[in-house]
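Source file: input-v2.cif; contents: mmCIF, N, CA and C atoms and all ligand atoms.
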data_start
#
loop_
_atom_site.label_atom_id
_atom_site.label_comp_id
_atom_site.auth_asym_id
_atom_site.auth_seq_id
_atom_site.Cartn_x
_atom_site.Cartn_y
_atom_site.Cartn_z
N MET A 1 27.13 -21.02 -8.91
CA MET A 1 28.38 -21.00 -9.66
C MET A 1 29.56 -20.82 -8.71
N ASN A 2 29.52 -19.74 -7.94
CA ASN A 2 30.61 -19.49 -7.00
C ASN A 2 30.11 -19.68 -5.56
N THR A 3 30.54 -20.77 -4.94
CA THR A 3 30.06 -21.07 -3.59
C THR A 3 30.59 -20.05 -2.59
N ASN A 4 31.79 -19.51 -2.85
CA ASN A 4 32.34 -18.52 -1.94
C ASN A 4 31.42 -17.32 -1.80
N LEU A 5 30.83 -16.93 -2.92
CA LEU A 5 29.95 -15.77 -2.88
C LEU A 5 28.73 -16.03 -2.00
N GLU A 6 28.25 -17.28 -2.00
CA GLU A 6 27.14 -17.65 -1.12
C GLU A 6 27.54 -17.48 0.35
N GLU A 7 28.76 -17.94 0.67
CA GLU A 7 29.26 -17.81 2.05
C GLU A 7 29.36 -16.34 2.44
N ILE A 8 29.85 -15.54 1.51
CA ILE A 8 30.00 -14.10 1.77
C ILE A 8 28.63 -13.48 2.05
N LYS A 9 27.64 -13.85 1.25
CA LYS A 9 26.28 -13.32 1.45
C LYS A 9 25.74 -13.71 2.82
N ASN A 10 25.99 -14.98 3.20
CA ASN A 10 25.51 -15.44 4.50
C ASN A 10 26.17 -14.70 5.65
N LEU A 11 27.47 -14.44 5.50
CA LEU A 11 28.19 -13.69 6.53
C LEU A 11 27.57 -12.31 6.72
N LEU A 12 27.29 -11.65 5.61
CA LEU A 12 26.69 -10.30 5.67
C LEU A 12 25.31 -10.37 6.31
N LYS A 13 24.55 -11.37 5.91
CA LYS A 13 23.18 -11.52 6.46
C LYS A 13 23.24 -11.75 7.97
N LYS A 14 24.18 -12.61 8.39
CA LYS A 14 24.32 -12.92 9.81
C LYS A 14 24.62 -11.66 10.63
N LYS A 15 25.42 -10.77 10.05
CA LYS A 15 25.79 -9.53 10.74
C LYS A 15 24.78 -8.42 10.49
N LYS A 16 23.68 -8.77 9.82
CA LYS A 16 22.60 -7.81 9.54
C LYS A 16 23.09 -6.60 8.74
N ILE A 17 23.94 -6.88 7.77
CA ILE A 17 24.40 -5.83 6.87
C ILE A 17 23.64 -5.98 5.56
N LYS A 18 23.08 -4.88 5.11
CA LYS A 18 22.29 -4.92 3.87
C LYS A 18 23.16 -5.36 2.70
N LEU A 19 22.63 -6.33 1.94
CA LEU A 19 23.41 -6.85 0.83
C LEU A 19 23.41 -5.87 -0.33
N THR A 20 24.60 -5.47 -0.75
CA THR A 20 24.73 -4.74 -2.01
C THR A 20 25.82 -5.44 -2.80
N TYR A 21 25.77 -5.26 -4.10
CA TYR A 21 26.75 -5.92 -4.96
C TYR A 21 28.17 -5.53 -4.56
N GLN A 22 28.37 -4.23 -4.28
CA GLN A 22 29.72 -3.77 -3.95
C GLN A 22 30.20 -4.33 -2.62
N ARG A 23 29.30 -4.37 -1.63
CA ARG A 23 29.70 -4.94 -0.32
C ARG A 23 30.10 -6.40 -0.48
N ILE A 24 29.33 -7.14 -1.25
CA ILE A 24 29.62 -8.56 -1.47
C ILE A 24 31.00 -8.70 -2.13
N LYS A 25 31.25 -7.88 -3.14
CA LYS A 25 32.52 -7.97 -3.86
C LYS A 25 33.70 -7.58 -2.97
N ILE A 26 33.52 -6.55 -2.15
CA ILE A 26 34.63 -6.09 -1.30
C ILE A 26 34.95 -7.15 -0.23
N LEU A 27 33.91 -7.70 0.38
CA LEU A 27 34.16 -8.71 1.41
C LEU A 27 34.77 -9.97 0.79
N ASP A 28 34.28 -10.34 -0.37
CA ASP A 28 34.83 -11.50 -1.08
C ASP A 28 36.31 -11.27 -1.37
N TYR A 29 36.63 -10.06 -1.77
CA TYR A 29 38.03 -9.73 -2.09
C TYR A 29 38.93 -9.94 -0.88
N ILE A 30 38.51 -9.38 0.26
CA ILE A 30 39.37 -9.45 1.45
C ILE A 30 39.41 -10.87 2.02
N LYS A 31 38.29 -11.56 1.96
CA LYS A 31 38.25 -12.90 2.56
C LYS A 31 38.88 -13.95 1.65
N ASN A 32 38.68 -13.80 0.36
CA ASN A 32 39.07 -14.90 -0.52
C ASN A 32 40.20 -14.60 -1.49
N ARG A 33 40.42 -13.34 -1.79
CA ARG A 33 41.44 -13.05 -2.80
C ARG A 33 42.73 -12.57 -2.18
N LYS A 34 42.73 -11.38 -1.62
CA LYS A 34 43.94 -10.90 -0.95
C LYS A 34 43.61 -10.66 0.50
N LYS A 35 44.18 -11.47 1.35
CA LYS A 35 43.74 -11.49 2.74
C LYS A 35 44.24 -10.31 3.58
N HIS A 36 45.28 -9.64 3.14
CA HIS A 36 45.75 -8.46 3.87
C HIS A 36 45.91 -7.33 2.86
N SER A 37 44.77 -6.76 2.47
CA SER A 37 44.84 -5.80 1.38
C SER A 37 44.74 -4.36 1.85
N THR A 38 45.29 -3.46 1.05
CA THR A 38 45.15 -2.03 1.30
C THR A 38 43.96 -1.53 0.49
N VAL A 39 43.49 -0.34 0.84
CA VAL A 39 42.38 0.27 0.08
C VAL A 39 42.78 0.38 -1.40
N GLU A 40 44.03 0.74 -1.61
CA GLU A 40 44.56 0.89 -2.97
C GLU A 40 44.43 -0.42 -3.76
N MET A 41 44.80 -1.52 -3.13
CA MET A 41 44.73 -2.82 -3.81
C MET A 41 43.29 -3.18 -4.13
N ILE A 42 42.41 -2.98 -3.16
CA ILE A 42 41.00 -3.31 -3.36
C ILE A 42 40.45 -2.47 -4.50
N TYR A 43 40.76 -1.19 -4.44
CA TYR A 43 40.23 -0.26 -5.45
C TYR A 43 40.73 -0.64 -6.85
N ASN A 44 42.03 -0.80 -6.99
CA ASN A 44 42.60 -1.07 -8.31
C ASN A 44 42.07 -2.37 -8.91
N ASP A 45 41.93 -3.40 -8.09
CA ASP A 45 41.46 -4.68 -8.63
C ASP A 45 39.96 -4.67 -8.91
N LEU A 46 39.19 -4.08 -8.00
CA LEU A 46 37.74 -4.12 -8.19
C LEU A 46 37.26 -3.16 -9.27
N LEU A 47 38.06 -2.14 -9.52
CA LEU A 47 37.69 -1.17 -10.55
C LEU A 47 37.53 -1.84 -11.92
N LYS A 48 38.30 -2.90 -12.13
CA LYS A 48 38.21 -3.63 -13.39
C LYS A 48 36.85 -4.32 -13.54
N GLU A 49 36.27 -4.72 -12.39
CA GLU A 49 34.98 -5.43 -12.44
C GLU A 49 33.81 -4.49 -12.20
N ILE A 50 34.06 -3.45 -11.39
CA ILE A 50 32.98 -2.52 -11.05
C ILE A 50 33.48 -1.11 -11.37
N PRO A 51 33.27 -0.65 -12.60
CA PRO A 51 33.81 0.67 -12.99
C PRO A 51 33.25 1.83 -12.18
N THR A 52 32.12 1.61 -11.49
CA THR A 52 31.50 2.72 -10.76
C THR A 52 31.98 2.80 -9.31
N ILE A 53 32.83 1.87 -8.91
CA ILE A 53 33.23 1.84 -7.49
C ILE A 53 34.14 3.04 -7.18
N SER A 54 34.00 3.58 -5.97
CA SER A 54 34.85 4.71 -5.57
C SER A 54 35.59 4.35 -4.29
N LYS A 55 36.66 5.09 -4.04
CA LYS A 55 37.42 4.83 -2.81
C LYS A 55 36.58 5.15 -1.58
N THR A 56 35.74 6.17 -1.69
CA THR A 56 34.86 6.52 -0.58
C THR A 56 33.96 5.34 -0.22
N THR A 57 33.41 4.71 -1.23
CA THR A 57 32.57 3.53 -0.99
C THR A 57 33.38 2.46 -0.28
N ILE A 58 34.60 2.27 -0.72
CA ILE A 58 35.43 1.23 -0.10
C ILE A 58 35.72 1.57 1.35
N TYR A 59 36.11 2.83 1.62
CA TYR A 59 36.36 3.25 3.00
C TYR A 59 35.12 3.05 3.87
N ASN A 60 33.97 3.50 3.38
CA ASN A 60 32.74 3.37 4.16
C ASN A 60 32.39 1.91 4.41
N THR A 61 32.56 1.09 3.38
CA THR A 61 32.24 -0.33 3.50
C THR A 61 33.17 -0.99 4.51
N LEU A 62 34.46 -0.67 4.43
CA LEU A 62 35.42 -1.27 5.37
C LEU A 62 35.08 -0.87 6.80
N ASP A 63 34.65 0.38 6.98
CA ASP A 63 34.23 0.85 8.29
C ASP A 63 33.12 -0.01 8.88
N VAL A 64 32.13 -0.28 8.04
CA VAL A 64 31.00 -1.12 8.47
C VAL A 64 31.51 -2.52 8.82
N PHE A 65 32.34 -3.07 7.98
CA PHE A 65 32.85 -4.44 8.21
C PHE A 65 33.66 -4.51 9.51
N ILE A 66 34.44 -3.44 9.78
CA ILE A 66 35.26 -3.44 11.00
C ILE A 66 34.37 -3.36 12.22
N LYS A 67 33.35 -2.47 12.16
CA LYS A 67 32.44 -2.33 13.29
C LYS A 67 31.73 -3.64 13.59
N LYS A 68 31.41 -4.39 12.54
CA LYS A 68 30.71 -5.67 12.72
C LYS A 68 31.70 -6.82 12.90
N ARG A 69 32.96 -6.48 12.96
CA ARG A 69 34.04 -7.45 13.14
C ARG A 69 34.05 -8.58 12.11
N LEU A 70 33.84 -8.20 10.86
CA LEU A 70 34.01 -9.17 9.77
C LEU A 70 35.46 -9.17 9.32
N ILE A 71 36.10 -8.03 9.51
CA ILE A 71 37.51 -7.88 9.16
C ILE A 71 38.17 -7.06 10.27
N VAL A 72 39.50 -7.04 10.30
CA VAL A 72 40.19 -6.18 11.26
C VAL A 72 41.29 -5.39 10.54
N PRO A 73 41.53 -4.15 10.97
CA PRO A 73 42.64 -3.41 10.38
C PRO A 73 43.96 -3.86 10.98
N VAL A 74 44.98 -3.91 10.16
CA VAL A 74 46.32 -4.25 10.65
C VAL A 74 47.21 -3.04 10.38
N SER A 75 47.72 -2.43 11.45
CA SER A 75 48.57 -1.25 11.28
C SER A 75 50.03 -1.66 11.36
N ILE A 76 50.78 -1.27 10.37
CA ILE A 76 52.21 -1.52 10.34
C ILE A 76 52.89 -0.18 10.11
N PRO A 77 53.77 0.23 11.04
CA PRO A 77 54.41 1.54 10.88
C PRO A 77 55.07 1.67 9.51
N GLY A 78 54.85 2.80 8.86
CA GLY A 78 55.48 3.05 7.57
C GLY A 78 54.76 2.44 6.40
N LYS A 79 53.65 1.75 6.65
CA LYS A 79 52.91 1.14 5.55
C LYS A 79 51.45 1.55 5.63
N ASP A 80 50.75 1.43 4.51
CA ASP A 80 49.31 1.68 4.51
C ASP A 80 48.62 0.62 5.36
N THR A 81 47.53 1.01 5.99
CA THR A 81 46.75 0.05 6.77
C THR A 81 46.31 -1.11 5.88
N ARG A 82 46.47 -2.30 6.39
CA ARG A 82 45.97 -3.48 5.69
C ARG A 82 44.66 -3.90 6.32
N PHE A 83 43.82 -4.52 5.54
CA PHE A 83 42.55 -5.01 6.07
C PHE A 83 42.57 -6.52 5.99
N ASP A 84 42.39 -7.12 7.15
CA ASP A 84 42.62 -8.55 7.32
C ASP A 84 41.28 -9.29 7.30
N GLY A 85 41.18 -10.25 6.39
CA GLY A 85 39.96 -11.03 6.26
C GLY A 85 39.76 -12.03 7.39
N ASN A 86 40.77 -12.21 8.21
CA ASN A 86 40.65 -13.11 9.36
C ASN A 86 40.48 -12.26 10.61
N PRO A 87 39.24 -12.15 11.13
CA PRO A 87 39.00 -11.23 12.23
C PRO A 87 39.41 -11.74 13.61
N SER A 88 39.84 -13.00 13.70
CA SER A 88 40.26 -13.46 15.03
C SER A 88 41.71 -13.04 15.25
N TRP A 89 42.08 -12.84 16.50
CA TRP A 89 43.43 -12.38 16.81
C TRP A 89 44.46 -13.41 16.37
N HIS A 90 45.43 -12.94 15.63
CA HIS A 90 46.52 -13.84 15.23
C HIS A 90 47.78 -13.05 14.96
N HIS A 91 48.89 -13.75 14.98
CA HIS A 91 50.19 -13.12 14.73
C HIS A 91 50.49 -13.05 13.24
N HIS A 92 51.32 -12.10 12.89
CA HIS A 92 51.72 -11.94 11.49
C HIS A 92 53.23 -11.99 11.35
N PHE A 93 53.65 -12.37 10.18
CA PHE A 93 55.06 -12.27 9.81
C PHE A 93 55.14 -11.38 8.59
N ILE A 94 55.98 -10.36 8.65
CA ILE A 94 56.12 -9.44 7.52
C ILE A 94 57.48 -9.64 6.88
N CYS A 95 57.47 -9.90 5.59
CA CYS A 95 58.74 -10.12 4.89
C CYS A 95 59.25 -8.80 4.35
N GLU A 96 60.46 -8.47 4.75
CA GLU A 96 61.01 -7.18 4.31
C GLU A 96 61.51 -7.25 2.87
N LYS A 97 61.58 -8.45 2.32
CA LYS A 97 62.03 -8.59 0.93
C LYS A 97 60.87 -8.47 -0.05
N CYS A 98 59.87 -9.34 0.12
CA CYS A 98 58.77 -9.33 -0.85
C CYS A 98 57.56 -8.55 -0.33
N GLY A 99 57.61 -8.12 0.93
CA GLY A 99 56.55 -7.29 1.46
C GLY A 99 55.28 -8.04 1.84
N ARG A 100 55.33 -9.38 1.75
CA ARG A 100 54.12 -10.14 2.07
C ARG A 100 53.82 -10.09 3.56
N ILE A 101 52.54 -10.16 3.88
CA ILE A 101 52.10 -10.30 5.26
C ILE A 101 51.48 -11.67 5.39
N ILE A 102 52.08 -12.48 6.25
CA ILE A 102 51.70 -13.88 6.32
C ILE A 102 51.05 -14.17 7.68
N ASP A 103 49.92 -14.86 7.66
CA ASP A 103 49.29 -15.28 8.92
C ASP A 103 50.12 -16.38 9.55
N LEU A 104 50.34 -16.28 10.84
CA LEU A 104 51.06 -17.34 11.54
C LEU A 104 50.06 -18.15 12.36
N ASP A 105 50.17 -19.43 12.22
CA ASP A 105 49.26 -20.32 12.94
C ASP A 105 49.95 -20.81 14.20
N ILE A 106 50.24 -19.86 15.11
CA ILE A 106 50.92 -20.26 16.33
C ILE A 106 50.01 -20.00 17.52
N ARG A 107 50.14 -20.84 18.52
CA ARG A 107 49.32 -20.66 19.72
C ARG A 107 49.87 -19.52 20.54
N CYS A 108 48.99 -18.78 21.14
CA CYS A 108 49.42 -17.69 22.00
C CYS A 108 48.50 -17.70 23.22
N GLU A 109 49.07 -18.08 24.35
CA GLU A 109 48.23 -18.24 25.55
C GLU A 109 47.59 -16.91 25.97
N TYR A 110 48.27 -15.79 25.72
CA TYR A 110 47.72 -14.49 26.13
C TYR A 110 46.48 -14.15 25.32
N LEU A 111 46.58 -14.41 24.00
CA LEU A 111 45.42 -14.11 23.15
C LEU A 111 44.28 -15.06 23.46
N GLU A 112 44.60 -16.30 23.77
CA GLU A 112 43.54 -17.26 24.10
C GLU A 112 42.80 -16.85 25.37
N LYS A 113 43.57 -16.34 26.35
CA LYS A 113 42.95 -15.92 27.61
C LYS A 113 42.40 -14.51 27.53
N GLY A 114 42.95 -13.71 26.60
CA GLY A 114 42.58 -12.31 26.53
C GLY A 114 43.19 -11.50 27.66
N MET A 115 44.18 -12.08 28.32
CA MET A 115 44.82 -11.43 29.47
C MET A 115 46.33 -11.57 29.34
N VAL A 116 47.06 -10.54 29.78
CA VAL A 116 48.50 -10.65 29.83
C VAL A 116 48.99 -10.05 31.15
N GLU A 117 49.63 -10.88 31.97
CA GLU A 117 50.14 -10.49 33.29
C GLU A 117 49.11 -9.70 34.08
N GLY A 118 47.89 -10.18 34.06
CA GLY A 118 46.82 -9.56 34.85
C GLY A 118 46.10 -8.42 34.15
N HIS A 119 46.57 -8.04 32.97
CA HIS A 119 45.93 -6.95 32.22
C HIS A 119 45.00 -7.54 31.17
N ARG A 120 43.82 -6.91 31.00
CA ARG A 120 42.90 -7.41 29.98
C ARG A 120 43.23 -6.80 28.62
N ILE A 121 43.37 -7.67 27.63
CA ILE A 121 43.71 -7.20 26.28
C ILE A 121 42.43 -6.76 25.57
N LYS A 122 42.45 -5.57 25.02
CA LYS A 122 41.31 -5.11 24.22
C LYS A 122 41.67 -5.01 22.75
N GLU A 123 42.90 -4.66 22.49
CA GLU A 123 43.37 -4.61 21.10
C GLU A 123 44.73 -5.26 21.05
N PHE A 124 45.11 -5.64 19.86
CA PHE A 124 46.35 -6.40 19.73
C PHE A 124 47.06 -6.03 18.44
N TYR A 125 48.26 -5.52 18.55
CA TYR A 125 49.06 -5.18 17.37
C TYR A 125 50.43 -5.81 17.56
N SER A 126 50.72 -6.79 16.77
CA SER A 126 52.01 -7.44 16.96
C SER A 126 52.40 -8.19 15.70
N TYR A 127 53.67 -8.11 15.36
CA TYR A 127 54.12 -8.86 14.20
C TYR A 127 55.61 -9.15 14.29
N PHE A 128 56.01 -10.16 13.61
CA PHE A 128 57.43 -10.45 13.44
C PHE A 128 57.85 -9.90 12.09
N LYS A 129 59.08 -9.45 11.99
CA LYS A 129 59.57 -8.94 10.71
C LYS A 129 60.85 -9.69 10.36
N GLY A 130 61.00 -10.02 9.08
CA GLY A 130 62.20 -10.71 8.68
C GLY A 130 62.12 -11.11 7.23
N ILE A 131 62.61 -12.29 6.92
CA ILE A 131 62.59 -12.77 5.55
C ILE A 131 61.79 -14.06 5.50
N CYS A 132 60.78 -14.09 4.64
CA CYS A 132 59.87 -15.23 4.61
C CYS A 132 60.55 -16.46 4.02
N LYS A 133 59.93 -17.61 4.21
CA LYS A 133 60.60 -18.84 3.79
C LYS A 133 60.75 -18.94 2.28
N ASP A 134 59.81 -18.35 1.53
CA ASP A 134 59.94 -18.38 0.07
C ASP A 134 61.16 -17.59 -0.38
N CYS A 135 61.34 -16.42 0.21
CA CYS A 135 62.49 -15.59 -0.14
C CYS A 135 63.79 -16.26 0.31
N LEU A 136 63.75 -16.90 1.48
CA LEU A 136 64.94 -17.61 1.96
C LEU A 136 65.33 -18.70 0.98
N GLU A 137 64.31 -19.40 0.50
CA GLU A 137 64.55 -20.51 -0.42
C GLU A 137 65.18 -20.00 -1.71
N LYS A 138 64.64 -18.87 -2.19
CA LYS A 138 65.17 -18.28 -3.42
C LYS A 138 66.64 -17.91 -3.25
N ASP A 139 66.99 -17.45 -2.07
CA ASP A 139 68.37 -17.04 -1.83
C ASP A 139 69.28 -18.22 -1.52
N GLY A 140 68.68 -19.38 -1.34
CA GLY A 140 69.47 -20.55 -1.01
C GLY A 140 69.93 -20.58 0.43
N GLU A 141 69.30 -19.71 1.25
CA GLU A 141 69.75 -19.65 2.64
C GLU A 141 69.35 -20.89 3.43
N VAL A 142 68.20 -21.44 3.06
CA VAL A 142 67.73 -22.63 3.77
C VAL A 142 68.70 -23.78 3.55
N LYS A 143 69.14 -23.89 2.31
CA LYS A 143 70.05 -24.96 1.94
C LYS A 143 71.36 -24.85 2.74
N CYS A 144 71.86 -23.62 2.82
CA CYS A 144 73.11 -23.41 3.57
C CYS A 144 72.95 -23.86 5.01
N LYS A 145 71.81 -23.46 5.60
CA LYS A 145 71.58 -23.80 6.99
C LYS A 145 71.53 -25.31 7.15
N PHE A 146 70.85 -25.95 6.19
CA PHE A 146 70.72 -27.39 6.20
C PHE A 146 72.10 -28.05 6.16
N LEU A 147 72.96 -27.52 5.33
CA LEU A 147 74.30 -28.09 5.18
C LEU A 147 75.11 -27.95 6.48
N THR A 148 74.99 -26.77 7.09
CA THR A 148 75.76 -26.59 8.32
C THR A 148 75.23 -27.47 9.43
N GLU A 149 73.93 -27.69 9.40
CA GLU A 149 73.36 -28.56 10.45
C GLU A 149 73.81 -30.01 10.28
N LYS A 150 74.02 -30.38 9.03
CA LYS A 150 74.41 -31.75 8.72
C LYS A 150 75.80 -32.07 9.28
N ARG A 151 76.63 -31.02 9.30
CA ARG A 151 78.02 -31.25 9.68
C ARG A 151 78.20 -31.58 11.14
ZN ZN B 1 59.38 -12.80 1.18
ZN ZN B 2 46.20 -11.89 9.14
#

Rendering of file as structure tokens:
Amino acid sequence: MNTNLEEIKNLLKKKKIKLTYQRIKILDYIKNRKKHSTVEMIYNDLLKEIPTISKTTIYNTLDVFIKKRLIVPVSIPGKDTRFDGNPSWHHHFICEKCGRIIDLDIRCEYLEKGMVEGHRIKEFYSYFKGICKDCLEKDGEVKCKFLTEKR
């Protein structure tokens, strides 16, 4: 019925994590539903489907997923930790208007090499902050810019 759930099960099997209904649902949530979710978001949404789920279970499950590198934590000062369904290193854009965290598909030679100015990168925390294109569009800012460029 749901092919995504099959993929999720295979991912868990590959990482030798014992399949449980809750683990499958939590990983599915982060990978397929909300890609940068907080524990609060996971808990509130999954509680509707799994009334027995607890925050402790979610914390423990996320711990396992992070250790096996199925997901990565994203720390943003002043905000709750987000859990990112995309475990490869990538840049983020944070919108200060709508609060969205958006994956950026930009090349980064340092991340590709794992080195920066001779230093080996082991962890990576970096993001751009501003106003996302959807919010810009709503404000009509894109249009204004377009008009000035035309002149
Ligand atoms: Zn926005
Ligand atoms: Zn991300």

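Counting only C-alpha atoms, the residue from A:Leu70, A:Ile50, A:Ile102, A:Val116 that sits nearest to Lys35 of chain A is A:Ile102.
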
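The residue set within 6.5 Å of His36 of chain A, counting all atoms listed in the file and dropping same-chain residues fewer than 5 places from it, reads Ile30, Arg82, Phe83, Asp84 and Gly85 of chain A.
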
| field | Neighbour list for segment 65-68 of chain A as an MDAnalysis selection string, cut-off 12 Å, only C-alpha atoms, skip fewer than 6 positions in-chain | value | chainID A and resid 8 11:18 23:24 26:28 30:31 58:59 74 82:88

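Closest approach to Ser37 of chain A among A:His90, A:Lys138, A:Arg100, A:Arg120: A:Arg100, based on only C-alpha atoms.
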
| task | Output the neighbourhood of ligand ZN 1 (chain B) as a PyMOL selection string, that is, all protein and nucleic acid residues with some atom at most 8 Å from the ligand, counting all atoms listed in the file. | result | chain A and resi 94-101+130-136

| Which polymer residues have any atom within 6 Å of an atom of Asp103 of chain A, counting only N, CA and C atoms, with same-chain residues fewer than 6 positions away left out, as a VMD selection string? | chain A and resid 91 to 93

| said: My list of candidates is A:Leu104, A:Glu7, A:Tyr43, A:Thr81. Which is closest to ligand ZN 2 (chain B) when distances are computed with only N, CA and C atoms and all ligand atoms? | reply: A:Leu104

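Separating atom CA of Glu40 of chain A from atom CA of Lys55 of chain A is a distance of 8.2 Å.
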
| Proximity to ligand ZN 2 (chain B) - best of A:Phe128, A:His119, A:Trp89, A:Thr38, all atoms listed in the file | A:Trp89

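In this model, the gap between atom N of Glu117 of chain A and atom N of Pro77 of chain A comes to 24.1 Å.
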
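Closest approach to ligand ZN 2 (chain B) among A:Glu49, A:Glu6, A:Asp80, A:Asp105: A:Asp105, based on only C-alpha atoms and all ligand atoms.
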
| task | In Å, rounded to a single decimal, give me how far atom CA of Lys25 of chain A is from atom CA of Tyr127 of chain A. | result | 28.2 Å
